[in-house]
>>> print(open('coords-v9.pdb').read())   # PDB, C-alpha atoms
ATOM      1  CA  MET A1303       6.070 -23.037  -0.040
ATOM      2  CA  THR A1304       5.832 -19.276  -0.420
ATOM      3  CA  HIS A1305       6.732 -17.903  -3.843
ATOM      4  CA  LEU A1306       9.664 -15.479  -4.227
ATOM      5  CA  SER A1307       9.064 -12.885  -6.940
ATOM      6  CA  PRO A1308      11.886 -12.102  -9.411
ATOM      7  CA  ARG A1309      13.718  -8.785  -9.175
ATOM      8  CA  GLU A1310      12.291  -7.291 -12.369
ATOM      9  CA  LEU A1311       8.723  -7.871 -11.218
ATOM     10  CA  LEU A1312       9.495  -6.449  -7.773
ATOM     11  CA  VAL A1313      11.036  -3.296  -9.213
ATOM     12  CA  LEU A1314       8.114  -2.633 -11.571
ATOM     13  CA  HIS A1315       5.633  -3.416  -8.828
ATOM     14  CA  ALA A1316       7.392  -1.159  -6.329
ATOM     15  CA  VAL A1317       7.133   1.744  -8.774
ATOM     16  CA  ARG A1318       3.421   1.035  -9.168
ATOM     17  CA  LEU A1319       2.775   0.863  -5.427
ATOM     18  CA  LEU A1320       4.791   3.994  -4.666
ATOM     19  CA  GLY A1321       3.431   5.976  -7.603
ATOM     20  CA  PHE A1322       6.457   8.243  -7.877
ATOM     21  CA  ALA A1323       9.717   7.474  -6.110
ATOM     22  CA  GLY A1324      13.479   7.726  -6.322
ATOM     23  CA  THR A1325      15.746   4.769  -6.947
ATOM     24  CA  SER A1326      16.622   4.201  -3.289
ATOM     25  CA  GLU A1327      12.960   4.251  -2.256
ATOM     26  CA  VAL A1328      12.078   1.784  -5.018
ATOM     27  CA  ALA A1329      14.875  -0.509  -3.826
ATOM     28  CA  GLU A1330      13.860  -0.189  -0.180
ATOM     29  CA  ARG A1331      10.231  -1.137  -0.856
ATOM     30  CA  PHE A1332      11.117  -4.816  -1.283
ATOM     31  CA  GLY A1333      14.553  -4.858   0.353
ATOM     32  CA  LEU A1334      16.550  -4.848  -2.889
ATOM     33  CA  ASP A1335      20.059  -3.486  -3.355
ATOM     34  CA  THR A1336      20.162   0.019  -4.808
ATOM     35  CA  ALA A1337      22.721  -0.687  -7.547
ATOM     36  CA  GLY A1338      20.812  -3.670  -8.909
ATOM     37  CA  THR A1339      17.567  -1.729  -8.738
ATOM     38  CA  ALA A1340      19.119   1.149 -10.685
ATOM     39  CA  ARG A1341      20.215  -1.253 -13.427
ATOM     40  CA  THR A1342      16.768  -2.821 -13.590
ATOM     41  CA  LEU A1343      15.119   0.594 -13.777
ATOM     42  CA  GLY A1344      17.487   1.570 -16.578
ATOM     43  CA  LEU A1345      16.542  -1.513 -18.603
ATOM     44  CA  ALA A1346      12.854  -0.897 -17.898
ATOM     45  CA  GLU A1347      13.248   2.685 -19.112
ATOM     46  CA  GLU A1348      14.806   1.440 -22.366
ATOM     47  CA  ARG A1349      11.773  -0.799 -22.863
ATOM     48  CA  GLY A1350       9.391   2.071 -22.234
ATOM     49  CA  TRP A1351       8.005   0.662 -18.984
ATOM     50  CA  VAL A1352       9.124   3.439 -16.629
ATOM     51  CA  GLN A1353      10.029   7.069 -16.985
ATOM     52  CA  HIS A1354      12.274   9.278 -14.881
ATOM     53  CA  THR A1355      11.072  12.797 -14.178
ATOM     54  CA  ALA A1356      12.770  15.669 -12.375
ATOM     55  CA  PHE A1357      11.228  18.981 -11.377
ATOM     56  CA  ALA A1358      12.249  21.519  -8.749
ATOM     57  CA  ASP A1359      14.024  19.509  -6.047
ATOM     58  CA  LEU A1360      12.119  16.286  -6.768
ATOM     59  CA  GLU A1361      13.039  13.410  -9.030
ATOM     60  CA  GLY A1362      11.734   9.920  -9.372
ATOM     61  CA  TRP A1363      10.359   7.053 -11.390
ATOM     62  CA  SER A1364       6.805   6.319 -12.475
ATOM     63  CA  LEU A1365       5.177   3.644 -14.615
ATOM     64  CA  THR A1366       4.164   4.329 -18.188
ATOM     65  CA  GLY A1367       0.996   2.852 -19.637
ATOM     66  CA  GLU A1368       3.099   0.108 -21.207
ATOM     67  CA  GLY A1369       4.808  -0.491 -17.870
ATOM     68  CA  ARG A1370       1.505  -0.848 -16.066
ATOM     69  CA  ALA A1371       0.334  -3.378 -18.634
ATOM     70  CA  GLU A1372       3.614  -5.289 -18.322
ATOM     71  CA  ASN A1373       3.340  -5.267 -14.540
ATOM     72  CA  GLU A1374      -0.202  -6.620 -14.681
ATOM     73  CA  LYS A1375       0.787  -9.348 -17.148
ATOM     74  CA  ARG A1376       3.628 -10.499 -14.897
ATOM     75  CA  LEU A1377       1.445 -10.386 -11.797
ATOM     76  CA  ALA A1378      -1.193 -12.531 -13.509
ATOM     77  CA  CYS A1379       1.404 -15.106 -14.565
ATOM     78  CA  GLU A1380       2.874 -15.179 -11.076
ATOM     79  CA  ARG A1381      -0.531 -15.613  -9.431
ATOM     80  CA  ALA A1382      -1.480 -18.453 -11.800
ATOM     81  CA  HIS A1383       1.684 -20.266 -10.764
ATOM     82  CA  ALA A1384       1.765 -19.435  -7.047
ATOM     83  CA  ASP A1385      -1.943 -19.352  -6.147
ATOM     84  CA  PRO A1386      -3.867 -22.007  -8.121
ATOM     85  CA  ASP A1387      -6.383 -22.361  -5.275
ATOM     86  CA  GLY A1388      -7.365 -18.681  -5.240
ATOM     87  CA  VAL A1389      -6.225 -17.949  -1.695
ATOM     88  CA  ILE A1390      -5.456 -14.306  -2.464
ATOM     89  CA  GLY A1391      -8.935 -13.755  -3.910
ATOM     90  CA  SER A1392     -10.527 -15.145  -0.748
ATOM     91  CA  ILE A1393      -8.378 -12.908   1.440
ATOM     92  CA  TYR A1394      -9.299  -9.901  -0.682
ATOM     93  CA  GLN A1395     -12.994 -10.521   0.030
ATOM     94  CA  GLU A1396     -12.186 -10.527   3.761
ATOM     95  CA  PHE A1397     -10.168  -7.347   3.327
ATOM     96  CA  ARG A1398     -12.920  -5.329   1.659
ATOM     97  CA  PRO A1399     -15.112  -4.686   4.752
ATOM     98  CA  LEU A1400     -11.964  -3.824   6.708
ATOM     99  CA  ASN A1401     -11.118  -1.328   3.990
ATOM    100  CA  GLU A1402     -14.476   0.394   4.473
ATOM    101  CA  ARG A1403     -13.757   0.696   8.181
ATOM    102  CA  LEU A1404     -10.321   2.160   7.495
ATOM    103  CA  LEU A1405     -11.762   4.771   5.141
ATOM    104  CA  ARG A1406     -14.358   5.794   7.748
ATOM    105  CA  ALA A1407     -11.714   6.056  10.451
ATOM    106  CA  CYS A1408      -9.480   8.259   8.296
ATOM    107  CA  THR A1409     -12.412  10.501   7.354
ATOM    108  CA  GLU A1410     -13.305  10.913  11.026
ATOM    109  CA  TRP A1411      -9.659  11.677  11.785
ATOM    110  CA  GLN A1412      -9.661  14.465   9.202
ATOM    111  CA  LEU A1413     -13.138  15.949   9.697
ATOM    112  CA  THR A1414     -15.348  16.640  12.687
ATOM    113  CA  PRO A1415     -19.086  17.543  12.666
ATOM    114  CA  THR A1416     -20.114  21.051  13.666
ATOM    115  CA  PRO A1417     -23.300  22.144  15.503
ATOM    116  CA  GLY A1418     -24.621  23.476  12.187
ATOM    117  CA  GLY A1419     -24.575  20.040  10.606
ATOM    118  CA  THR A1420     -21.518  20.670   8.446
ATOM    119  CA  PHE A1421     -17.957  19.436   8.865
ATOM    120  CA  ALA A1422     -14.734  21.193   9.775
ATOM    121  CA  ALA A1423     -11.098  20.147   9.853
ATOM    122  CA  ASN A1424     -10.371  18.114  12.952
ATOM    123  CA  ASP A1425      -8.126  20.148  15.259
ATOM    124  CA  HIS A1426      -7.648  17.076  17.506
ATOM    125  CA  SER A1427      -8.828  18.915  20.599
ATOM    126  CA  ASP A1428     -11.276  16.072  21.288
ATOM    127  CA  ARG A1429      -8.892  13.572  22.835
ATOM    128  CA  VAL A1430     -11.674  11.094  23.567
ATOM    129  CA  GLY A1431     -12.740  11.126  19.917
ATOM    130  CA  ASP A1432      -9.160  10.736  18.727
ATOM    131  CA  ALA A1433      -8.591   7.848  21.138
ATOM    132  CA  ARG A1434     -11.683   6.099  19.790
ATOM    133  CA  ILE A1435     -10.359   6.363  16.224
ATOM    134  CA  LEU A1436      -6.914   5.120  17.260
ATOM    135  CA  ASP A1437      -8.566   2.173  18.996
ATOM    136  CA  GLU A1438     -10.388   1.386  15.755
ATOM    137  CA  LEU A1439      -7.072   1.485  13.884
ATOM    138  CA  ALA A1440      -5.623  -0.890  16.477
ATOM    139  CA  ALA A1441      -8.548  -3.261  15.924
ATOM    140  CA  LEU A1442      -7.950  -3.080  12.178
ATOM    141  CA  HIS A1443      -4.294  -3.895  12.744
ATOM    142  CA  ASN A1444      -5.251  -6.967  14.756
ATOM    143  CA  ALA A1445      -7.494  -8.084  11.895
ATOM    144  CA  LEU A1446      -4.725  -7.380   9.400
ATOM    145  CA  ILE A1447      -2.096  -9.604  11.030
ATOM    146  CA  PRO A1448      -3.600 -12.991  10.057
ATOM    147  CA  LEU A1449      -4.480 -11.743   6.558
ATOM    148  CA  VAL A1450      -0.894 -10.670   5.901
ATOM    149  CA  ARG A1451       0.394 -13.934   7.317
ATOM    150  CA  ARG A1452      -1.785 -15.889   4.886
ATOM    151  CA  LEU A1453      -0.875 -13.624   1.956
ATOM    152  CA  THR A1454       2.822 -14.020   2.719
ATOM    153  CA  GLY A1455       2.332 -17.772   2.778
ATOM    154  CA  VAL A1456       1.464 -17.504  -0.922
ATOM    155  CA  LEU A1457       3.645 -14.604  -2.109
ATOM    156  CA  ALA A1458       6.599 -13.438  -0.030
ATOM    157  CA  ARG A1459       6.317  -9.875  -1.352
ATOM    158  CA  PHE A1460       3.215  -9.285   0.828
ATOM    159  CA  ASP A1461       5.348  -9.500   3.953
ATOM    160  CA  GLY A1462       5.629  -6.456   6.215
ATOM    161  CA  TYR A1463       2.348  -4.593   5.760
ATOM    162  CA  ASP A1464       1.170  -5.373   9.290
ATOM    163  CA  ALA A1465       4.507  -4.348  10.833
ATOM    164  CA  ARG A1466       4.550  -1.077   8.887
ATOM    165  CA  PHE A1467       0.975  -0.322   9.958
ATOM    166  CA  ALA A1468       1.864  -1.065  13.584
ATOM    167  CA  GLY A1469       4.854   1.278  13.393
ATOM    168  CA  ALA A1470       2.721   4.121  12.051
ATOM    169  CA  LEU A1471       0.077   3.530  14.707
ATOM    170  CA  ARG A1472       2.675   3.678  17.498
ATOM    171  CA  ARG A1473       3.812   7.069  16.232
ATOM    172  CA  ALA A1474       0.222   8.302  16.002
ATOM    173  CA  ARG A1475      -0.480   7.175  19.565
ATOM    174  CA  SER A1476       2.580   9.106  20.728
ATOM    175  CA  GLY A1477       0.973  12.313  19.422
ATOM    176  CA  ALA A1478       2.344  12.498  15.866
ATOM    177  CA  HIS A1479      -1.051  12.944  14.225
ATOM    178  CA  GLU A1480       0.344  12.915  10.687
ATOM    179  CA  TRP A1481       1.144   9.208  11.005
ATOM    180  CA  VAL A1482      -2.538   8.381  10.674
ATOM    181  CA  ASP A1483      -3.261   9.834   7.244
ATOM    182  CA  ARG A1484      -0.393  11.773   5.661
ATOM    183  CA  THR A1485       0.747  10.602   2.231
ATOM    184  CA  ASP A1486       4.360  11.789   2.493
ATOM    185  CA  VAL A1487       5.194   9.475   5.416
ATOM    186  CA  ASP A1488       4.583   5.748   5.847
ATOM    187  CA  SER A1489       1.327   6.446   7.680
ATOM    188  CA  CYS A1490      -1.473   4.022   8.498
ATOM    189  CA  HIS A1491      -3.425   5.258   5.495
ATOM    190  CA  ARG A1492      -0.459   5.065   3.123
ATOM    191  CA  VAL A1493       0.412   1.504   4.186
ATOM    192  CA  TRP A1494      -3.206   0.428   3.864
ATOM    193  CA  PHE A1495      -3.575   2.128   0.472
ATOM    194  CA  GLN A1496      -0.515   0.264  -0.820
ATOM    195  CA  LEU A1497      -1.852  -3.069   0.429
ATOM    196  CA  HIS A1498      -5.174  -2.358  -1.271
ATOM    197  CA  GLU A1499      -3.372  -1.488  -4.513
ATOM    198  CA  ASP A1500      -1.205  -4.597  -4.166
ATOM    199  CA  LEU A1501      -4.285  -6.807  -3.835
ATOM    200  CA  VAL A1502      -6.247  -5.341  -6.747
ATOM    201  CA  ALA A1503      -3.153  -5.332  -8.985
ATOM    202  CA  THR A1504      -2.354  -8.923  -8.111
ATOM    203  CA  LEU A1505      -5.918 -10.019  -8.794
ATOM    204  CA  GLY A1506      -6.449  -7.861 -11.878
ATOM    205  CA  VAL A1507      -9.352  -5.992 -10.258
ATOM    206  CA  ASP A1508     -10.407  -2.681 -11.779
ATOM    207  CA  ARG A1509     -10.174  -0.415  -8.757
ATOM    208  CA  GLY A1510     -12.487   2.145 -10.344
ATOM    209  CA  ALA A1511     -15.229  -0.480 -10.715
ATOM    210  CA  GLU A1512     -14.474  -2.198  -7.415
ATOM    211  CA  HIS A1513     -17.847  -1.383  -5.880
TER
END
>>> encode(input="coords-v9.pdb", output="structure tokens")
Amino acid sequence: MTHLSPRELLVLHAVRLLGFAGTSEVAERFGLDTAGTARTLGLAEERGWVQHTAFADLEGWSLTGEGRAENEKRLACERAHADPDGVIGSIYQEFRPLNERLLRACTEWQLTPTPGGTFAANDHSDRVGDARILDELAALHNALIPLVRRLTGVLARFDGYDARFAGALRRARSGAHEWVDRTDVDSCHRVWFQLHEDLVATLGVDRGAEH
């Protein structure tokens, strides 16, 4: 039976995955109520696990070093209980080559080669080239669906990554180019980045030494 993570873990983990986010966005990440999330964030702030920062017209929460360590400790305990057979680790190994393909696709979406052998910003005038990249993203989505299904079978909090990716891809196919790689919308790249972070955090992998 799939494991349901406790609220406190979900709130800390949402802050980690989002990096910097307001209370409502933290709550929305795992479908939590805003009032309960605000209370949990307040308690976490008292313990030194999160900090609230405001500047200009932005405000939000981020993890402290102590909060990151606490998050990792709770994730490790949860995984030991919910995944004794190492299913998530096996899925991560299947994910890694897909991740390389995603990074290549996003680079090609952003940059295009020039006749001089250098690269320039992609102005998306090459519709055939763009269509090829979008087809690659669609293939990656198809590969993602069974991985997310298996992950969700272990930990319920992995649910939704494939649906979010599909939603971003539909927008990109409709001509909204930013839904491929922008970081301020729930783009294909942003969804994928969060899944990658979720996997390495859950497994205790040092992302900097991943390769």
>>> atom_distance(input="coords-v9.pdb", atom1="CA of Glu1347 in chain A", atom2="CA of Ser1307 in chain A")
20.2 Å
>>> closest_residue(input="coords-v9.pdb", among="A:Arg1466, A:Arg1376, A:Arg1398, A:His1305", to="His1498 in chain A", atoms="all atoms listed in the file")
A:Arg1398
>>> residues_around(input="coords-v9.pdb", residues="range 1473-1488 of chain A", least_positions_apart="4", cutoff="9 Å", atoms="only C-alpha atoms", output="list in words")
Cys1408, Trp1411, Gln1412, His1426, Ala1433, Leu1436, Leu1439, Arg1466, Phe1467, Ala1468, Gly1469, Arg1492 and Val1493 of chain A
>>> residues_around(input="coords-v9.pdb", residues="Pro1399 in chain A", least_positions_apart="5", cutoff="12 Å", atoms="only C-alpha atoms", output="PyMOL selection string")
chain A and resi 1393-1394+1404-1406+1442+1445-1446+1498+1513
>>> closest_residue(input="coords-v9.pdb", among="A:Leu1314, A:Ala1465, A:Ala1329, A:Ala1458", to="Glu1368 in chain A", atoms="all atoms listed in the file")
A:Leu1314
>>> axis_aligned_box(input="coords-v9.pdb", around="range 1461-1478 of chain A", padding_each_side="4 Å", output="lines of an AutoDock Vina configuration file")
center_x = 2.6
center_y = 1.5
center_z = 12.3
size_x = 14.1
size_y = 30.0
size_z = 24.8
>>> atom_distance(input="coords-v9.pdb", atom1="CA of Ala1384 in chain A", atom2="CA of Ala1371 in chain A")
19.9 Å
>>> closest_residue(input="coords-v9.pdb", among="A:Gly1431, A:Gly1455, A:Gly1350, A:Gly1462", to="Arg1370 in chain A", atoms="only C-alpha atoms")
A:Gly1350
>>> resolve_selection(input="coords-v9.pdb", expression="the PyMOL selection byres ((chain A and resi 1459) around 8)", output="PyMOL selection string")
chain A and resi 1306-1307+1312+1332+1454+1457-1458+1460-1461
>>> atom_distance(input="coords-v9.pdb", atom1="CA of Thr1342 in chain A", atom2="CA of Pro1308 in chain A")
11.3 Å
>>> residues_around(input="coords-v9.pdb", residues="Phe1421 in chain A", least_positions_apart="4", cutoff="12 Å", atoms="only C-alpha atoms", output="compact mmCIF listing (two decimals) with C-alpha atoms, in the frame of the given file")
# COMPACT_ATOMS: atom_id res chain seq x y z
CA THR A 1409 -12.41 10.50 7.35
CA GLU A 1410 -13.30 10.91 11.03
CA TRP A 1411 -9.66 11.68 11.78
CA GLN A 1412 -9.66 14.46 9.20
CA LEU A 1413 -13.14 15.95 9.70
CA THR A 1414 -15.35 16.64 12.69
CA PRO A 1415 -19.09 17.54 12.67
CA THR A 1416 -20.11 21.05 13.67
CA PRO A 1417 -23.30 22.14 15.50
CA ASP A 1425 -8.13 20.15 15.26
>>> closest_residue(input="coords-v9.pdb", among="A:Gly1391, A:Gly1510, A:Gly1367, A:Gly1362", to="Gly1321 in chain A", atoms="all atoms listed in the file")
A:Gly1362
>>> closest_residue(input="coords-v9.pdb", among="A:Glu1380, A:Glu1402, A:Glu1310, A:Glu1361", to="Ala1346 in chain A", atoms="only C-alpha atoms")
A:Glu1310
>>> closest_residue(input="coords-v9.pdb", among="A:Arg1309, A:Arg1349, A:Arg1381, A:Arg1318", to="Phe1495 in chain A", atoms="all atoms listed in the file")
A:Arg1318
>>> residues_around(input="coords-v9.pdb", residues="Phe1322 in chain A", least_positions_apart="3", cutoff="10 Å", atoms="only C-alpha atoms", output="PyMOL selection string")
chain A and resi 1316-1319+1325+1327-1328+1353-1355+1360-1365
>>> write_last_selection(input="coords-v9.pdb", atoms="C-alpha atoms", output="mmCIF file, in the frame of the given file")
data_model
loop_
_atom_site.group_PDB
_atom_site.id
_atom_site.type_symbol
_atom_site.label_atom_id
_atom_site.label_comp_id
_atom_site.auth_asym_id
_atom_site.auth_seq_id
_atom_site.Cartn_x
_atom_site.Cartn_y
_atom_site.Cartn_z
ATOM 1 C CA ALA A 1316 7.392 -1.159 -6.329
ATOM 2 C CA VAL A 1317 7.133 1.744 -8.774
ATOM 3 C CA ARG A 1318 3.421 1.035 -9.168
ATOM 4 C CA LEU A 1319 2.775 0.863 -5.427
ATOM 5 C CA THR A 1325 15.746 4.769 -6.947
ATOM 6 C CA GLU A 1327 12.960 4.251 -2.256
ATOM 7 C CA VAL A 1328 12.078 1.784 -5.018
ATOM 8 C CA GLN A 1353 10.029 7.069 -16.985
ATOM 9 C CA HIS A 1354 12.274 9.278 -14.881
ATOM 10 C CA THR A 1355 11.072 12.797 -14.178
ATOM 11 C CA LEU A 1360 12.119 16.286 -6.768
ATOM 12 C CA GLU A 1361 13.039 13.410 -9.030
ATOM 13 C CA GLY A 1362 11.734 9.920 -9.372
ATOM 14 C CA TRP A 1363 10.359 7.053 -11.390
ATOM 15 C CA SER A 1364 6.805 6.319 -12.475
ATOM 16 C CA LEU A 1365 5.177 3.644 -14.615
#
>>> decode(input="coords-v9.pdb", residues="range 1355-1367 of chain A", atoms="N, CA, C and O atoms", output="compact mmCIF listing (two decimals), in the first residue's frame")
# COMPACT_ATOMS: atom_id res chain seq x y z
N THR A 1355 11.31 35.63 3.91
CA THR A 1355 12.02 36.78 3.39
C THR A 1355 11.09 37.60 2.51
O THR A 1355 10.29 37.03 1.76
N ALA A 1356 11.18 38.90 2.62
CA ALA A 1356 10.39 39.80 1.77
C ALA A 1356 11.32 40.86 1.19
O ALA A 1356 12.14 41.44 1.91
N PHE A 1357 11.19 41.09 -0.11
CA PHE A 1357 11.94 42.16 -0.75
C PHE A 1357 11.17 42.60 -1.98
O PHE A 1357 10.58 41.79 -2.69
N ALA A 1358 11.16 43.92 -2.19
CA ALA A 1358 10.35 44.51 -3.27
C ALA A 1358 8.92 44.01 -3.13
O ALA A 1358 8.32 44.12 -2.07
N ASP A 1359 8.38 43.44 -4.21
CA ASP A 1359 7.00 42.93 -4.15
C ASP A 1359 6.96 41.42 -4.00
O ASP A 1359 5.92 40.79 -4.24
N LEU A 1360 8.09 40.82 -3.59
CA LEU A 1360 8.15 39.37 -3.42
C LEU A 1360 8.30 39.00 -1.95
O LEU A 1360 8.97 39.71 -1.20
N GLU A 1361 7.67 37.91 -1.57
CA GLU A 1361 7.88 37.36 -0.24
C GLU A 1361 7.69 35.86 -0.31
O GLU A 1361 6.93 35.34 -1.13
N GLY A 1362 8.41 35.16 0.54
CA GLY A 1362 8.27 33.71 0.51
C GLY A 1362 9.15 33.02 1.52
O GLY A 1362 9.90 33.66 2.28
N TRP A 1363 9.04 31.70 1.52
CA TRP A 1363 9.75 30.85 2.45
C TRP A 1363 10.88 30.12 1.74
O TRP A 1363 10.78 29.76 0.57
N SER A 1364 11.95 29.86 2.49
CA SER A 1364 13.04 29.03 1.99
C SER A 1364 13.59 28.22 3.15
O SER A 1364 13.40 28.58 4.32
N LEU A 1365 14.25 27.12 2.84
CA LEU A 1365 14.84 26.27 3.87
C LEU A 1365 16.13 26.87 4.38
O LEU A 1365 16.92 27.44 3.61
N THR A 1366 16.38 26.72 5.66
CA THR A 1366 17.70 27.02 6.22
C THR A 1366 18.57 25.76 6.09
O THR A 1366 18.08 24.69 5.70
N GLY A 1367 19.83 25.88 6.46
CA GLY A 1367 20.68 24.71 6.46
C GLY A 1367 20.16 23.64 7.42
O GLY A 1367 20.16 22.44 7.11
